[in-house]
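Quick notes on the structure that follows.
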Amino acid sequence: MGTARPGSERKASVADPATIRTDARRHHDPQVRGFASDNYAGAHPEVLAAIALANGGHQIAYGEDDYTEHLQRVMHSHFGSTAEAFPVFNGTGANVVSLQAMTDRWGAVICAESAHINVDEGGAPERVGGLKLLTVPTPDGKLTPELIDRQAYGWDDEHRAMPQVVSITQNTELGTVYTPDEIRAICEHSHERGMKVHLDGARIANAAASLDVPMRTFTNAVGVDVLSFGGTKNGALFGEAVVVLNPDAVRAMKHLRKLSMQLASKMRFVSVQLEALLARDLWLRNARHANTMAQRLAEGVRAVDGVEILHPVQANAVFARLPHGVSERLQKRFRFYFWDEAAGDVRWMCAFDTTEDDVDAFVLALKEEMAK
């Protein structure tokens, strides 16, 4: 077997970006719009530009990069100097890591029956997080101190999972929004009983836009201990964050994030997206627009005989009831989901990129289908 001549080894090279050929092709029609979920929307151009800004060169992995460090200062501007952000991949990961860090192995979490952690996370809080969910039926998706007390008992009963955390969602899965005073009452009530408070903020920007107050007004200022901060539904490509508002409410956050498979090696690409949303007012612009489009949609469909709006339209969701056959025909023209198919209830979501023309076209299609 021969050996290579000295100096003949191949040298690694970096291609000029201008010469790189790509075979990637667009596989969808960008003109197709729907009202199924704000997750259907793409990433905001300012977020994509931020990702490109963070690209190139080398940065320390696993969160020791400059972008994640700067994100901490940005979070301080919104949630106070004690806030610490732990970027993660997705909302389920943020919730599971948060609740794990706030509970013991024998602990339980009180939440609304309609909560995302109970309905839409595949059992991850219980199966991965190893905790018990104690659910409470609510008419509007919102917990109250009185509703919490339906499950807040039995701390010394070894036969029952111990209630240690109350988890609320802002805005709720039914599109309703807690006022700051309502969250303050929940926090005071929970803390008096030795429980901590977690807020699932997958759409926290929409809630702040609806209330027209800073996010701190209904989080750390009223006693929330830990926040799952949502970016994806507000224009990010991917990425959320666990924001610890009360350091005494958690333990081993770094270890639990890794254990839960939520530690990004190239974390700068998560952090820079959240920075792009939060450093200025992009988060608020996006949320206000989505909320405004939902109001326009609600106003349009209210005028259609046979359509009933089910809940107050306070953020970017519209819940309605209409004939099942109409919904099925309408779904062939615009994507959206049944919320309760047996009852004929549907959910229509607006996003940061929903346009007035999108809304008006949907309302017109609804009128046409109702008239058939």
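Residues are referred to by chain and number: the chain letter is A, B, ... according to the order shown in the structure tokens, the number counts from 1 in that chain, and ligands are numbered separately from 1 in the order shown.
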
Please identify every residue of stretch 7-100 of chain A that has at least one atom no farther than 8 Å from an atom of stretch 187-207 of chain A, counting only C-alpha atoms, and for each give the shortest atom pair and the distance in Å to one decimal, arranged by chain then increasing number, as a Markdown table.
```
| residue | atom | partner | partner_atom | distance |
| --- | --- | --- | --- | --- |
| A:Gly91 | CA | A:Ala202 | CA | 6.6 |
| A:Asn95 | CA | A:Asp200 | CA | 6.9 |
| A:Ser98 | CA | A:His198 | CA | 7.6 |
| A:Leu99 | CA | A:His198 | CA | 7.5 |
```

Filtering to N, CA, C and O atoms, could you give me those residues as a PDB file, in the first residue's frame?
```pdb
ATOM      1  N   GLY A  91     -42.820  24.965  22.699  1.00  0.00           N
ATOM      2  CA  GLY A  91     -43.660  25.285  23.827  1.00  0.00           C
ATOM      3  C   GLY A  91     -43.869  24.132  24.789  1.00  0.00           C
ATOM      4  O   GLY A  91     -43.886  24.324  26.008  1.00  0.00           O
ATOM      5  N   ASN A  95     -42.913  24.150  28.784  1.00  0.00           N
ATOM      6  CA  ASN A  95     -43.829  23.804  29.869  1.00  0.00           C
ATOM      7  C   ASN A  95     -43.319  22.635  30.698  1.00  0.00           C
ATOM      8  O   ASN A  95     -43.377  22.658  31.929  1.00  0.00           O
ATOM      9  N   SER A  98     -40.321  23.745  32.797  1.00  0.00           N
ATOM     10  CA  SER A  98     -40.777  24.634  33.868  1.00  0.00           C
ATOM     11  C   SER A  98     -41.413  23.850  35.008  1.00  0.00           C
ATOM     12  O   SER A  98     -41.064  24.029  36.183  1.00  0.00           O
ATOM     13  N   LEU A  99     -42.358  22.986  34.668  1.00  0.00           N
ATOM     14  CA  LEU A  99     -43.117  22.283  35.700  1.00  0.00           C
ATOM     15  C   LEU A  99     -42.260  21.256  36.431  1.00  0.00           C
ATOM     16  O   LEU A  99     -42.433  21.035  37.637  1.00  0.00           O
TER      17      LEU A  99
END
```

Exercise for the section: Might you pull out every residue within 9 Å of stretch 281-297 of chain A, with only C-alpha atoms counted and same-chain residues fewer than 5 positions away left off, and present them as an MDAnalysis selection string? Expected result: chainID A and resid 38 44 46 203:210 231 234:235 274 276 302 313:318 348:356 359:360 362:363

Exercise for the section: Would you kindly return, as a PyMOL selection string, each protein, DNA or RNA residue with an atom no farther than 8 Å from any atom of A:Ala101, considering only C-alpha atoms and excluding same-chain residues fewer than 3 positions away? Expected result: chain A and resi 97-98+249-253+256

Write the residues you've just listed into a file as a PDB file, in the first residue's frame, and include C-alpha atoms for each of them.
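Listing of selection-v5.pdb after writing:
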```pdb
ATOM      1  CA  VAL A  97     -39.024  21.912  31.877  1.00  0.00           C
ATOM      2  CA  SER A  98     -40.777  24.634  33.868  1.00  0.00           C
ATOM      3  CA  ALA A 249     -39.357  28.703  42.730  1.00  0.00           C
ATOM      4  CA  VAL A 250     -37.117  26.363  40.705  1.00  0.00           C
ATOM      5  CA  ARG A 251     -34.149  24.087  40.992  1.00  0.00           C
ATOM      6  CA  ALA A 252     -31.707  22.429  38.601  1.00  0.00           C
ATOM      7  CA  MET A 253     -33.037  24.277  35.546  1.00  0.00           C
ATOM      8  CA  LEU A 256     -33.641  19.558  33.560  1.00  0.00           C
TER       9      LEU A 256
END
```

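Taking atom CA of A:Pro145 and atom CA of A:Met75 as endpoints, the distance between them is 29.0 Å.
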
Practice task
Would you please extract all strand (DSSP E or B) residues from stretch 154-242 of chain A, as assigned by DSSP on the backbone, and give them as a VMD selection string?
Solution key: chain A and resid 162 to 169 196 to 201 226 to 230 240 to 242

Handout entry: Secondary structure check, helix (DSSP H, G or I) residues of stretch 118-195 of chain A, as a list in words
Key =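 So the helix (DSSP H, G or I) residues in stretch 118-195 of chain A would be Asn118, Val119, Ala124, Pro125, Glu126, Arg127, Pro145, Glu146, Leu147, Ile148, Pro180, Asp181, Glu182, Ile183, Arg184, Ala185, Ile186, Cys187, Glu188, His189, Ser190, His191 and Glu192 of chain A.
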
Problem - For A:Thr138, the nearest of the candidates A:Asp156, A:Pro323, A:His116, A:Leu174, counting only C-alpha atoms - result: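 So, comparing all the options, the nearest one is A:Leu174.
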
Practice task
May I ask which of the residues A:Val74, A:Ala36, A:Ala85, A:Ala24 is the closest one to A:Phe338, counting only C-alpha atoms?
Solution key: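 The closest residue to A:Phe338 is A:Ala36.
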
Neighbours of A:Gly344 within 6 Å (only C-alpha atoms; same-chain residues fewer than 3 positions away dropped), as a compact mmCIF listing (two decimals) with all heavy atoms, in the first residue's frame?
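As written to disk, around-v3.txt reads:
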```
# COMPACT_ATOMS: atom_id res chain seq x y z
N ARG A 321 -69.82 28.65 16.35
CA ARG A 321 -70.63 27.46 16.12
C ARG A 321 -71.47 27.70 14.87
O ARG A 321 -72.11 28.76 14.74
CB ARG A 321 -71.54 27.17 17.31
CG ARG A 321 -72.43 25.94 17.16
CD ARG A 321 -73.14 25.63 18.46
NE ARG A 321 -72.18 25.27 19.50
CZ ARG A 321 -72.46 25.29 20.82
NH1 ARG A 321 -73.66 25.68 21.23
NH2 ARG A 321 -71.53 24.94 21.69
N LEU A 322 -71.45 26.75 13.96
CA LEU A 322 -72.20 26.84 12.72
C LEU A 322 -72.52 25.44 12.23
O LEU A 322 -71.98 24.46 12.76
CB LEU A 322 -71.43 27.64 11.66
CG LEU A 322 -70.07 27.12 11.18
CD1 LEU A 322 -69.76 27.69 9.80
CD2 LEU A 322 -68.96 27.57 12.14
N HIS A 324 -72.53 21.90 10.72
CA HIS A 324 -71.39 21.03 10.45
C HIS A 324 -71.08 20.95 8.96
O HIS A 324 -69.91 21.02 8.53
CB HIS A 324 -71.68 19.63 11.00
CG HIS A 324 -70.48 18.73 11.02
ND1 HIS A 324 -70.06 18.03 9.89
CD2 HIS A 324 -69.61 18.40 12.01
CE1 HIS A 324 -69.00 17.31 10.19
NE2 HIS A 324 -68.70 17.51 11.47
N GLU A 341 -66.30 18.87 17.32
CA GLU A 341 -66.98 18.52 16.08
C GLU A 341 -68.42 18.11 16.32
O GLU A 341 -69.31 18.43 15.51
CB GLU A 341 -66.22 17.41 15.35
CG GLU A 341 -66.73 17.16 13.95
CD GLU A 341 -65.77 16.34 13.11
OE1 GLU A 341 -64.73 15.90 13.65
OE2 GLU A 341 -66.08 16.12 11.92
```

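Atom CA of A:Gly122 lies 19.9 Å from atom CA of A:Lys258.
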
Practice task
May I ask for the distance between atom CA of A:Met267 and atom CA of A:Ala52, given in Å to one decimal place?
Solution key: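 Atom-to-atom, atom CA of A:Met267 and atom CA of A:Ala52 are spaced 13.9 Å apart.
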
Practice task
Would you kindly return, as a list of chain:residue names, each protein, DNA or RNA residue with an atom no farther than 12 Å from any atom of A:Ala221, considering only C-alpha atoms and excluding same-chain residues fewer than 2 positions away?
Solution key: A:His78, A:Phe79, A:Gly80, A:Thr82, A:Ala83, A:Pro180, A:Asp181, A:Ile183, A:Arg184, A:Cys187, A:Glu188, A:Val213, A:Pro214, A:Met215, A:Arg216, A:Thr217, A:Phe218, A:Thr219, A:Gly223, A:Val224, A:Asp225, A:Leu245, A:Asn246

Completion exercise
Counting only C-alpha atoms, closest pick from A:Phe238, A:Phe319, A:Tyr62, A:Phe35 relative to A:Lys254 is A:Tyr62
